[in-house]
$ cat work26.cif   # mmCIF, C-alpha atoms
data_upload
#
loop_
_atom_site.label_atom_id
_atom_site.label_comp_id
_atom_site.auth_asym_id
_atom_site.auth_seq_id
_atom_site.Cartn_x
_atom_site.Cartn_y
_atom_site.Cartn_z
CA GLY Z 1 143.68 95.86 89.83
CA ARG Z 2 141.43 93.79 92.01
CA LYS Z 3 140.57 96.69 94.33
CA SER Z 4 139.61 98.87 91.37
CA ALA Z 5 137.31 96.16 89.98
CA MET Z 6 135.70 95.66 93.38
CA GLY Z 7 135.15 99.41 93.68
CA LYS Z 8 133.48 99.54 90.26
CA ARG Z 9 131.22 96.61 91.13
CA ALA Z 10 130.23 98.27 94.40
CA LEU Z 11 129.40 101.50 92.58
CA ILE Z 12 127.28 99.69 90.01
CA LEU Z 13 125.46 97.80 92.75
CA ARG Z 14 124.74 100.98 94.71
CA THR Z 15 123.43 102.63 91.56
CA LEU Z 16 121.11 99.77 90.58
CA ALA Z 17 120.04 98.44 93.98
CA ALA Z 18 117.70 101.28 94.92
CA PRO Z 19 115.52 101.52 91.77
CA LEU Z 20 115.41 97.75 91.29
CA ALA Z 21 114.39 97.11 94.89
CA LEU Z 22 111.74 99.82 94.78
CA LEU Z 23 110.30 98.66 91.47
CA ALA Z 24 110.11 95.10 92.79
CA LEU Z 25 108.33 96.33 95.90
CA ALA Z 26 105.81 98.30 93.87
CA GLY Z 27 105.27 95.41 91.46
CA CYS Z 28 104.70 92.96 94.30
CA SER Z 29 102.16 95.28 95.91
CA VAL Z 30 100.25 95.89 92.70
CA ALA Z 31 100.19 92.20 91.86
CA ARG Z 32 98.59 91.44 95.21
CA ARG Z 33 95.93 94.16 94.89
CA PRO Z 34 95.02 94.53 91.19
CA ALA Z 35 91.55 95.84 91.96
CA ARG Z 36 93.03 98.92 93.61
CA LEU Z 37 95.56 99.72 90.91
CA SER Z 38 93.63 102.71 89.62
CA THR Z 39 93.28 104.03 93.18
CA SER Z 40 96.99 103.60 93.91
CA LEU Z 41 97.91 105.32 90.69
CA GLY Z 42 95.63 108.14 91.67
CA VAL Z 43 93.74 107.98 88.37
CA ARG Z 44 91.00 110.28 89.50
CA SER Z 45 89.71 113.60 88.31
CA ARG Z 46 92.26 115.46 90.40
CA LEU Z 47 95.33 113.38 89.53
CA HIS Z 48 96.65 115.64 86.84
CA SER Z 49 96.36 118.77 88.97
CA HIS Z 50 99.47 119.20 90.16
CA PHE Z 51 107.70 121.85 119.25
CA ARG Z 52 107.60 123.15 121.21
CA SER Z 53 111.40 123.15 120.94
CA PRO Z 54 112.84 120.23 122.98
CA GLY Z 55 116.04 122.14 123.75
CA ASN Z 56 119.04 119.97 124.27
CA LEU Z 57 117.37 116.61 124.84
CA LEU Z 58 118.74 115.24 121.56
CA ARG Z 59 122.27 116.02 120.46
CA HIS Z 60 123.86 113.78 117.87
CA ARG Z 61 127.38 112.64 118.46
CA ARG Z 62 129.56 114.44 115.93
CA ASP Z 63 132.97 113.42 117.24
CA SER Z 64 132.89 110.17 115.25
CA ARG Z 65 132.22 111.89 111.93
CA VAL Z 66 134.67 111.51 109.09
CA PRO Z 67 134.48 113.46 105.82
CA ARG Z 68 131.57 112.52 103.53
CA THR Z 69 132.36 110.39 100.53
CA HIS Z 70 129.42 109.98 98.17
CA ALA Z 71 126.94 112.36 99.79
CA ASP Z 72 125.69 115.70 98.51
CA ALA Z 73 126.21 118.90 100.49
CA THR Z 74 123.54 120.17 102.87
CA PRO Z 75 120.97 122.19 100.87
CA THR Z 76 121.11 125.97 101.11
CA ALA Z 77 118.33 128.56 100.84
CA GLY Z 78 116.97 128.77 97.32
CA ASP Z 79 118.12 125.30 96.28
CA GLU Z 80 115.83 122.96 94.40
CA THR Z 81 116.63 119.27 94.71
CA SER Z 82 115.52 116.40 92.49
CA TYR Z 83 115.02 113.26 94.54
CA SER Z 84 113.25 109.91 94.93
CA LEU Z 85 112.86 107.32 92.14
CA PHE Z 86 114.45 108.56 88.89
CA GLY Z 87 114.80 112.03 90.48
CA LEU Z 88 111.29 112.99 89.38
CA SER Z 89 110.14 114.64 92.62
CA LYS Z 90 111.29 118.13 93.59
CA ALA Z 91 112.07 119.77 96.94
CA THR Z 92 112.59 123.53 97.33
CA TYR Z 93 114.42 125.04 100.30
CA PRO Z 94 113.15 128.55 101.16
CA PRO Z 95 115.18 130.86 103.42
CA GLY Z 96 115.10 129.58 107.00
CA TRP Z 97 114.16 126.03 106.04
CA GLU Z 98 116.77 124.62 108.43
CA LYS Z 99 115.27 126.39 111.47
CA PRO Z 100 112.98 124.44 113.87
CA GLU Z 101 109.78 125.81 112.32
CA GLY Z 102 111.21 126.22 108.83
CA ARG Z 103 109.63 124.24 106.01
CA VAL Z 104 110.72 122.50 102.84
CA GLU Z 105 108.30 122.63 99.90
CA TYR Z 106 107.61 119.48 97.86
CA ARG Z 107 106.25 118.58 94.43
CA ASP Z 108 105.49 114.86 94.24
CA SER Z 109 105.97 113.04 90.95
CA LEU Z 110 103.32 110.67 89.62
CA VAL Z 111 105.62 107.81 90.59
CA ASP Z 112 105.71 109.02 94.20
CA ARG Z 113 101.94 109.53 94.17
CA PHE Z 114 101.71 105.92 93.07
CA LEU Z 115 103.92 104.81 95.99
CA ILE Z 116 101.93 106.94 98.44
CA GLY Z 117 98.78 105.23 97.19
CA ILE Z 118 100.26 101.76 97.63
CA PHE Z 119 101.26 102.48 101.21
CA MET Z 120 97.84 104.01 101.96
CA ASP Z 121 96.18 100.89 100.56
CA LYS Z 122 98.26 98.73 102.89
CA MET Z 123 97.49 100.92 105.89
CA ALA Z 124 93.76 101.06 105.14
CA SER Z 125 93.62 97.29 104.73
CA ALA Z 126 95.49 96.65 108.00
CA THR Z 127 93.62 99.21 110.10
CA GLY Z 128 90.14 99.28 108.59
CA VAL Z 129 90.37 103.06 108.25
CA LYS Z 130 89.01 104.59 105.06
CA ARG Z 131 91.72 106.19 102.94
CA GLY Z 132 91.50 109.37 100.93
CA ASP Z 133 93.25 110.41 97.73
CA SER Z 134 96.85 109.49 96.95
CA THR Z 135 98.21 112.78 98.26
CA TYR Z 136 100.66 113.44 101.05
CA GLU Z 137 98.07 115.49 102.93
CA ASP Z 138 95.61 112.59 102.94
CA PHE Z 139 98.43 110.21 103.87
CA ILE Z 140 99.10 112.22 107.05
CA LYS Z 141 95.38 112.26 107.85
CA LEU Z 142 95.28 108.48 107.45
CA CYS Z 143 98.24 108.11 109.82
CA PHE Z 144 96.46 110.09 112.54
CA GLU Z 145 93.21 108.18 112.05
CA SER Z 146 94.98 104.82 112.19
CA ILE Z 147 96.43 105.44 115.67
CA ARG Z 148 93.29 106.86 117.20
CA GLN Z 149 92.32 105.03 120.42
CA LYS Z 150 95.47 102.86 120.33
CA ASN Z 151 98.27 102.77 122.89
CA ALA Z 152 101.97 102.88 122.00
CA SER Z 153 102.42 99.11 121.79
CA GLU Z 154 99.37 98.73 119.56
CA GLN Z 155 100.59 101.51 117.26
CA VAL Z 156 104.01 99.86 116.92
CA GLN Z 157 102.52 96.44 116.21
CA GLN Z 158 100.10 97.88 113.68
CA SER Z 159 102.97 99.49 111.78
CA LEU Z 160 104.96 96.26 111.91
CA ASP Z 161 101.96 94.43 110.46
CA VAL Z 162 101.83 96.91 107.57
CA LEU Z 163 105.54 96.45 106.86
CA GLN Z 164 105.13 92.67 106.91
CA THR Z 165 102.53 92.88 104.13
CA PHE Z 166 105.26 94.02 101.74
CA LEU Z 167 107.19 90.79 102.20
CA PRO Z 168 106.54 87.87 99.85
CA PRO Z 169 106.59 84.34 101.35
CA ASN Z 170 110.01 83.67 102.89
CA GLY Z 171 111.03 87.19 102.00
CA ASP Z 172 112.93 87.59 105.26
CA VAL Z 173 114.99 84.46 104.51
CA ALA Z 174 115.84 85.69 101.02
CA PHE Z 175 116.80 89.11 102.39
CA LYS Z 176 119.18 87.61 104.96
CA LYS Z 177 120.90 85.59 102.24
CA MET Z 178 121.16 88.60 99.96
CA PHE Z 179 122.27 90.99 102.71
CA PRO Z 180 124.27 89.22 105.43
CA LYS Z 181 125.56 91.33 108.29
CA GLY Z 182 128.54 93.42 107.29
CA LYS Z 183 129.75 96.70 105.85
CA GLY Z 184 128.66 95.93 102.29
CA SER Z 185 125.07 95.16 103.28
CA TYR Z 186 124.82 98.20 105.53
CA GLU Z 187 126.08 100.50 102.79
CA ILE Z 188 123.81 99.05 100.11
CA ASN Z 189 120.75 99.34 102.35
CA ALA Z 190 121.68 102.94 103.08
CA GLU Z 191 121.65 103.62 99.33
CA ILE Z 192 118.34 101.80 98.91
CA THR Z 193 116.81 103.82 101.75
CA LYS Z 194 118.03 107.07 100.20
CA VAL Z 195 115.81 106.43 97.16
CA GLY Z 196 113.16 103.97 98.31
CA PHE Z 197 112.09 105.88 101.42
CA ALA Z 198 112.32 109.39 99.94
CA TRP Z 199 108.65 109.59 98.95
CA MET Z 200 107.79 109.59 102.67
CA VAL Z 201 110.50 111.68 104.31
CA GLY Z 202 112.04 113.79 101.54
CA PRO Z 203 115.60 114.10 100.18
CA MET Z 204 118.42 112.30 101.95
CA THR Z 205 122.17 111.95 101.71
CA VAL Z 206 124.47 109.13 102.77
CA GLU Z 207 127.27 109.91 105.22
CA THR Z 208 130.37 108.00 106.20
CA THR Z 209 130.76 107.60 109.97
CA THR Z 210 132.19 105.19 112.54
CA GLU Z 211 128.89 105.10 114.45
CA ASN Z 212 128.28 101.40 114.00
CA ASP Z 213 128.76 98.22 116.01
CA GLU Z 214 132.11 97.54 114.35
CA GLY Z 215 133.48 101.05 114.92
CA ILE Z 216 134.93 101.36 111.41
CA PRO Z 217 134.24 103.97 108.69
CA MET Z 218 131.14 103.03 106.69
CA ALA Z 219 128.93 104.91 104.26
CA SER Z 220 125.96 103.51 106.15
CA THR Z 221 124.26 106.49 107.81
CA VAL Z 222 121.38 108.11 105.94
CA LYS Z 223 120.82 111.76 106.82
CA ILE Z 224 117.36 113.28 106.34
CA HIS Z 225 117.91 117.02 106.42
CA LYS Z 226 114.26 117.82 107.21
CA CYS Z 227 111.88 114.90 107.66
CA ARG Z 228 108.74 115.61 105.68
CA TRP Z 229 106.60 113.33 107.83
CA LEU Z 230 107.69 115.09 111.01
CA GLN Z 231 107.34 118.51 109.38
CA GLU Z 232 103.75 117.84 108.29
CA SER Z 233 102.51 115.85 111.29
CA ALA Z 234 104.48 117.58 114.10
CA CYS Z 235 103.70 114.46 116.13
CA THR Z 236 106.36 113.03 118.44
CA GLY Z 237 104.39 109.87 119.17
CA MET Z 238 103.61 109.10 115.55
CA CYS Z 239 107.27 109.53 114.61
CA CYS Z 240 108.34 107.03 117.26
CA ASN Z 241 105.48 104.54 117.18
CA MET Z 242 104.85 104.42 113.43
CA CYS Z 243 108.37 104.92 112.08
CA LYS Z 244 111.33 104.73 114.45
CA VAL Z 245 110.44 101.71 116.61
CA PRO Z 246 108.72 99.45 114.03
CA THR Z 247 111.36 100.15 111.37
CA GLN Z 248 114.17 99.42 113.82
CA LYS Z 249 112.47 96.17 114.80
CA PHE Z 250 111.74 95.24 111.19
CA PHE Z 251 115.37 95.52 110.11
CA THR Z 252 117.05 94.39 113.33
CA GLU Z 253 114.79 91.45 114.16
CA THR Z 254 113.13 90.39 110.88
CA PHE Z 255 116.06 91.02 108.53
CA GLY Z 256 118.91 90.63 111.01
CA LEU Z 257 120.47 93.99 110.07
CA PRO Z 258 121.00 96.34 113.03
CA LEU Z 259 119.38 99.74 112.50
CA THR Z 260 119.09 102.73 114.81
CA ILE Z 261 116.89 105.67 113.87
CA ARG Z 262 117.65 108.99 115.56
CA PRO Z 263 115.12 111.77 114.98
CA ASN Z 264 116.04 115.30 116.02
CA PHE Z 265 112.81 116.97 117.09
CA GLU Z 266 114.40 120.39 117.31
CA ASP Z 267 115.30 120.83 113.64
CA LYS Z 268 113.30 117.83 112.32
CA SER Z 269 116.31 116.13 110.82
CA CYS Z 270 116.88 112.41 111.28
CA GLU Z 271 119.52 109.72 110.87
CA PHE Z 272 119.11 106.08 109.83
CA CYS Z 273 122.23 104.34 111.15
CA PHE Z 274 122.61 100.92 109.52
CA GLY Z 275 124.93 98.59 111.40
CA LEU Z 276 124.19 100.24 114.78
CA THR Z 277 122.15 98.23 117.30
CA PRO Z 278 119.34 100.36 118.79
CA PRO Z 279 119.68 101.17 122.51
CA PRO Z 280 117.09 100.08 125.09
CA ILE Z 281 114.25 102.51 125.74
CA LYS Z 282 115.67 103.70 129.06
CA GLU Z 283 118.88 104.81 127.30
CA ASP Z 284 117.21 106.42 124.28
CA PRO Z 285 116.64 110.20 124.65
CA THR Z 286 113.82 110.02 122.11
CA TYR Z 287 111.50 108.80 124.85
CA LEU Z 288 111.98 112.03 126.83
CA GLN Z 289 110.59 114.16 124.01
CA PRO Z 290 107.52 116.30 124.74
CA CYS Z 291 104.55 116.83 122.46
CA HIS Z 292 105.04 119.45 119.77
CA VAL Z 293 102.84 122.53 120.13
CA ARG Z 294 101.57 122.10 116.55
CA CYS Z 295 100.49 118.50 117.03
CA PRO Z 296 96.67 118.22 116.85
CA THR Z 297 96.73 115.55 119.57
CA ALA Z 298 99.25 117.27 121.89
CA LYS Z 299 98.86 117.37 125.66
CA LEU Z 300 100.86 120.29 126.99
CA SER Z 301 101.59 121.51 130.51
CA ASP Z 302 102.45 125.05 131.57
CA ASP Z 303 104.19 123.79 134.71
CA GLU Z 304 106.66 121.24 133.39
CA VAL Z 305 107.93 119.62 130.20
CA LEU Z 306 106.58 116.08 130.13
CA PRO Z 307 107.30 113.29 127.62
CA CYS Z 308 104.73 112.89 124.88
CA HIS Z 309 101.72 110.98 126.20
CA LYS Z 310 101.83 108.59 123.22
CA LEU Z 311 105.38 107.35 123.86
CA MET Z 312 106.31 104.05 125.47
CA ARG Z 313 107.51 104.35 129.05
CA PRO Z 314 110.86 102.88 130.14
CA GLU Z 315 110.34 99.86 132.37
#
$ encode --input "work26.cif" --output "structure tokens"
Amino acid sequence: GRKSAMGKRALILRTLAAPLALLALAGCSVARRPARLSTSLGVRSRLHSHFRSPGNLLRHRRDSRVPRTHADATPTAGDETSYSLFGLSKATYPPGWEKPEGRVEYRDSLVDRFLIGIFMDKMASATGVKRGDSTYEDFIKLCFESIRQKNASEQVQQSLDVLQTFLPPNGDVAFKKMFPKGKGSYEINAEITKVGFAWMVGPMTVETTTENDEGIPMASTVKIHKCRWLQESACTGMCCNMCKVPTQKFFTETFGLPLTIRPNFEDKSCEFCFGLTPPPIKEDPTYLQPCHVRCPTAKLSDDEVLPCHKLMRPE
């Protein structure tokens, strides 16, 4: 009947929304910077060669969980997962990957290398920092260089400026018309994030929870089992100032879709909760997180556990 037809349409939309949105984003970026196309594609001689534990500061609320609907199971040791656009990139989960210092191994597809290059172009243009090759290693180096000598507010604004460069004229208006507030928009954006953001953070699944402003079950929470960016950078401040805060602001304020991002610095997992308004800084446990011992810019104390020096301070 009608419900069955609506369910089929929703499934088709979820299936098509992610690759179409990502291809449009890539096409828009290339069209604006044709001179750098070969750089973004990584057509160079090397292209073809293929926390300190924060304890209990962050504990996700599990009591509102309901059984998953269209999400895959948590990876187990020895698994290899295909992910990102068209499933061309690969992630391998060695024994112990889920532990705080465990690691997931990645093989980026040429498509993901292309997307890494586009984002590096945008960052280099906005910050004036010279970029390297279109590799994840050089991407992390560029991130660290771009925040050098900048305070938390400047880092957040810089990242917002980079995100804004991906919007065509009146793109925010078009987005609000296409995705008005509501369950459907939250769920579709969760599916888009699962594919469109995977090149940066690794494989994700979508979970159904009631952790949203409406308090009803929605498949609108994206779970990153082990954030690649956090794994490789080990930087609390960069996670907050270049990802969590600007992305929350971008969706909540620019697009009008509430989004709360909740990184777990102990196991390096993360949740993107669409439809959930982010809390003020003074109520967000993220801002109590210390520097990670592996961070190259960490400031550590033997006497007490202090919040990362790069984080914003509650007013």
$ closest_residue --input "work26.cif" --among "Z:Pro217, Z:Pro278, Z:Pro75, Z:Pro180" --to "Pro246 (chain Z)" --atoms "only C-alpha atoms"
Z:Pro278
$ closest_residue --input "work26.cif" --among "Z:Pro258, Z:Gly184, Z:Gly275, Z:Gly237" --to "Gln289 (chain Z)" --atoms "all atoms listed in the file"
Z:Gly237
$ closest_residue --input "work26.cif" --among "Z:Val195, Z:Val104, Z:Ala190, Z:Leu306" --to "Ser269 (chain Z)" --atoms "all atoms listed in the file"
Z:Val104
$ closest_residue --input "work26.cif" --among "Z:Glu154, Z:Glu145, Z:Asp172, Z:Glu187" --to "Phe250 (chain Z)" --atoms "all atoms listed in the file"
Z:Asp172
$ atom_distance --input "work26.cif" --atom1 "CA of Phe255 (chain Z)" --atom2 "CA of Asn170 (chain Z)"
11.1 Å
$ decode --input "work26.cif" --residues "region 125-150 of chain Z" --atoms "N, CA, C and O atoms" --output "PDB file, in the first residue's frame"
ATOM      1  N   SER Z 125      44.432  26.895  -0.193  1.00  0.00           N
ATOM      2  CA  SER Z 125      43.985  28.191  -0.700  1.00  0.00           C
ATOM      3  C   SER Z 125      43.515  29.108   0.429  1.00  0.00           C
ATOM      4  O   SER Z 125      43.784  30.305   0.427  1.00  0.00           O
ATOM      5  N   ALA Z 126      42.816  28.531   1.422  1.00  0.00           N
ATOM      6  CA  ALA Z 126      42.266  29.331   2.516  1.00  0.00           C
ATOM      7  C   ALA Z 126      43.322  29.738   3.541  1.00  0.00           C
ATOM      8  O   ALA Z 126      43.193  30.777   4.185  1.00  0.00           O
ATOM      9  N   THR Z 127      44.358  28.915   3.693  1.00  0.00           N
ATOM     10  CA  THR Z 127      45.333  29.162   4.762  1.00  0.00           C
ATOM     11  C   THR Z 127      46.661  29.703   4.267  1.00  0.00           C
ATOM     12  O   THR Z 127      47.450  30.230   5.054  1.00  0.00           O
ATOM     13  N   GLY Z 128      46.938  29.551   2.960  1.00  0.00           N
ATOM     14  CA  GLY Z 128      48.224  29.986   2.438  1.00  0.00           C
ATOM     15  C   GLY Z 128      49.354  29.020   2.733  1.00  0.00           C
ATOM     16  O   GLY Z 128      50.525  29.332   2.500  1.00  0.00           O
ATOM     17  N   VAL Z 129      49.010  27.835   3.246  1.00  0.00           N
ATOM     18  CA  VAL Z 129      50.013  26.823   3.557  1.00  0.00           C
ATOM     19  C   VAL Z 129      50.226  25.933   2.341  1.00  0.00           C
ATOM     20  O   VAL Z 129      49.270  25.497   1.703  1.00  0.00           O
ATOM     21  N   LYS Z 130      51.475  25.645   2.024  1.00  0.00           N
ATOM     22  CA  LYS Z 130      51.781  24.811   0.872  1.00  0.00           C
ATOM     23  C   LYS Z 130      51.352  23.373   1.141  1.00  0.00           C
ATOM     24  O   LYS Z 130      51.645  22.820   2.198  1.00  0.00           O
ATOM     25  N   ARG Z 131      50.664  22.773   0.200  1.00  0.00           N
ATOM     26  CA  ARG Z 131      50.209  21.393   0.342  1.00  0.00           C
ATOM     27  C   ARG Z 131      51.192  20.418  -0.271  1.00  0.00           C
ATOM     28  O   ARG Z 131      51.999  20.777  -1.141  1.00  0.00           O
ATOM     29  N   GLY Z 132      51.113  19.168   0.199  1.00  0.00           N
ATOM     30  CA  GLY Z 132      51.960  18.127  -0.368  1.00  0.00           C
ATOM     31  C   GLY Z 132      51.184  17.270  -1.352  1.00  0.00           C
ATOM     32  O   GLY Z 132      50.288  17.764  -2.044  1.00  0.00           O
ATOM     33  N   ASP Z 133      51.522  16.000  -1.421  1.00  0.00           N
ATOM     34  CA  ASP Z 133      50.835  15.087  -2.326  1.00  0.00           C
ATOM     35  C   ASP Z 133      49.432  14.773  -1.810  1.00  0.00           C
ATOM     36  O   ASP Z 133      49.100  15.033  -0.653  1.00  0.00           O
ATOM     37  N   SER Z 134      48.632  14.182  -2.681  1.00  0.00           N
ATOM     38  CA  SER Z 134      47.258  13.823  -2.316  1.00  0.00           C
ATOM     39  C   SER Z 134      47.246  12.488  -1.581  1.00  0.00           C
ATOM     40  O   SER Z 134      46.641  11.507  -2.026  1.00  0.00           O
ATOM     41  N   THR Z 135      47.911  12.462  -0.435  1.00  0.00           N
ATOM     42  CA  THR Z 135      47.940  11.278   0.416  1.00  0.00           C
ATOM     43  C   THR Z 135      47.399  11.654   1.783  1.00  0.00           C
ATOM     44  O   THR Z 135      47.421  12.826   2.171  1.00  0.00           O
ATOM     45  N   TYR Z 136      46.931  10.645   2.513  1.00  0.00           N
ATOM     46  CA  TYR Z 136      46.380  10.942   3.836  1.00  0.00           C
ATOM     47  C   TYR Z 136      47.470  11.451   4.779  1.00  0.00           C
ATOM     48  O   TYR Z 136      47.222  12.325   5.606  1.00  0.00           O
ATOM     49  N   GLU Z 137      48.664  10.932   4.649  1.00  0.00           N
ATOM     50  CA  GLU Z 137      49.773  11.383   5.490  1.00  0.00           C
ATOM     51  C   GLU Z 137      50.036  12.868   5.292  1.00  0.00           C
ATOM     52  O   GLU Z 137      50.208  13.625   6.260  1.00  0.00           O
ATOM     53  N   ASP Z 138      50.079  13.305   4.032  1.00  0.00           N
ATOM     54  CA  ASP Z 138      50.318  14.722   3.753  1.00  0.00           C
ATOM     55  C   ASP Z 138      49.113  15.579   4.150  1.00  0.00           C
ATOM     56  O   ASP Z 138      49.258  16.756   4.495  1.00  0.00           O
ATOM     57  N   PHE Z 139      47.924  15.001   4.087  1.00  0.00           N
ATOM     58  CA  PHE Z 139      46.723  15.712   4.546  1.00  0.00           C
ATOM     59  C   PHE Z 139      46.822  16.036   6.033  1.00  0.00           C
ATOM     60  O   PHE Z 139      46.536  17.159   6.461  1.00  0.00           O
ATOM     61  N   ILE Z 140      47.262  15.076   6.842  1.00  0.00           N
ATOM     62  CA  ILE Z 140      47.418  15.313   8.280  1.00  0.00           C
ATOM     63  C   ILE Z 140      48.495  16.372   8.531  1.00  0.00           C
ATOM     64  O   ILE Z 140      48.339  17.258   9.391  1.00  0.00           O
ATOM     65  N   LYS Z 141      49.587  16.303   7.790  1.00  0.00           N
ATOM     66  CA  LYS Z 141      50.634  17.313   7.931  1.00  0.00           C
ATOM     67  C   LYS Z 141      50.095  18.709   7.615  1.00  0.00           C
ATOM     68  O   LYS Z 141      50.408  19.682   8.308  1.00  0.00           O
ATOM     69  N   LEU Z 142      49.280  18.807   6.564  1.00  0.00           N
ATOM     70  CA  LEU Z 142      48.690  20.086   6.195  1.00  0.00           C
ATOM     71  C   LEU Z 142      47.770  20.605   7.297  1.00  0.00           C
ATOM     72  O   LEU Z 142      47.745  21.811   7.582  1.00  0.00           O
ATOM     73  N   CYS Z 143      47.024  19.705   7.924  1.00  0.00           N
ATOM     74  CA  CYS Z 143      46.139  20.114   9.026  1.00  0.00           C
ATOM     75  C   CYS Z 143      46.935  20.736  10.163  1.00  0.00           C
ATOM     76  O   CYS Z 143      46.561  21.785  10.703  1.00  0.00           O
ATOM     77  N   PHE Z 144      48.026  20.089  10.546  1.00  0.00           N
ATOM     78  CA  PHE Z 144      48.856  20.629  11.635  1.00  0.00           C
ATOM     79  C   PHE Z 144      49.471  21.976  11.252  1.00  0.00           C
ATOM     80  O   PHE Z 144      49.504  22.917  12.055  1.00  0.00           O
ATOM     81  N   GLU Z 145      49.953  22.074  10.021  1.00  0.00           N
ATOM     82  CA  GLU Z 145      50.559  23.338   9.581  1.00  0.00           C
ATOM     83  C   GLU Z 145      49.537  24.468   9.542  1.00  0.00           C
ATOM     84  O   GLU Z 145      49.847  25.621   9.848  1.00  0.00           O
ATOM     85  N   SER Z 146      48.313  24.149   9.177  1.00  0.00           N
ATOM     86  CA  SER Z 146      47.289  25.187   9.011  1.00  0.00           C
ATOM     87  C   SER Z 146      46.845  25.803  10.332  1.00  0.00           C
ATOM     88  O   SER Z 146      46.310  26.918  10.343  1.00  0.00           O
ATOM     89  N   ILE Z 147      47.037  25.086  11.451  1.00  0.00           N
ATOM     90  CA  ILE Z 147      46.605  25.643  12.741  1.00  0.00           C
ATOM     91  C   ILE Z 147      47.763  26.204  13.552  1.00  0.00           C
ATOM     92  O   ILE Z 147      47.560  26.710  14.664  1.00  0.00           O
ATOM     93  N   ARG Z 148      48.948  26.139  12.994  1.00  0.00           N
ATOM     94  CA  ARG Z 148      50.108  26.668  13.705  1.00  0.00           C
ATOM     95  C   ARG Z 148      49.933  28.166  13.987  1.00  0.00           C
ATOM     96  O   ARG Z 148      49.518  28.927  13.117  1.00  0.00           O
ATOM     97  N   GLN Z 149      50.228  28.567  15.207  1.00  0.00           N
ATOM     98  CA  GLN Z 149      50.157  29.968  15.629  1.00  0.00           C
ATOM     99  C   GLN Z 149      48.743  30.538  15.599  1.00  0.00           C
ATOM    100  O   GLN Z 149      48.560  31.762  15.518  1.00  0.00           O
ATOM    101  N   LYS Z 150      47.719  29.699  15.666  1.00  0.00           N
ATOM    102  CA  LYS Z 150      46.333  30.178  15.687  1.00  0.00           C
ATOM    103  C   LYS Z 150      45.657  29.700  16.966  1.00  0.00           C
ATOM    104  O   LYS Z 150      45.881  28.563  17.412  1.00  0.00           O
TER     105      LYS Z 150
END
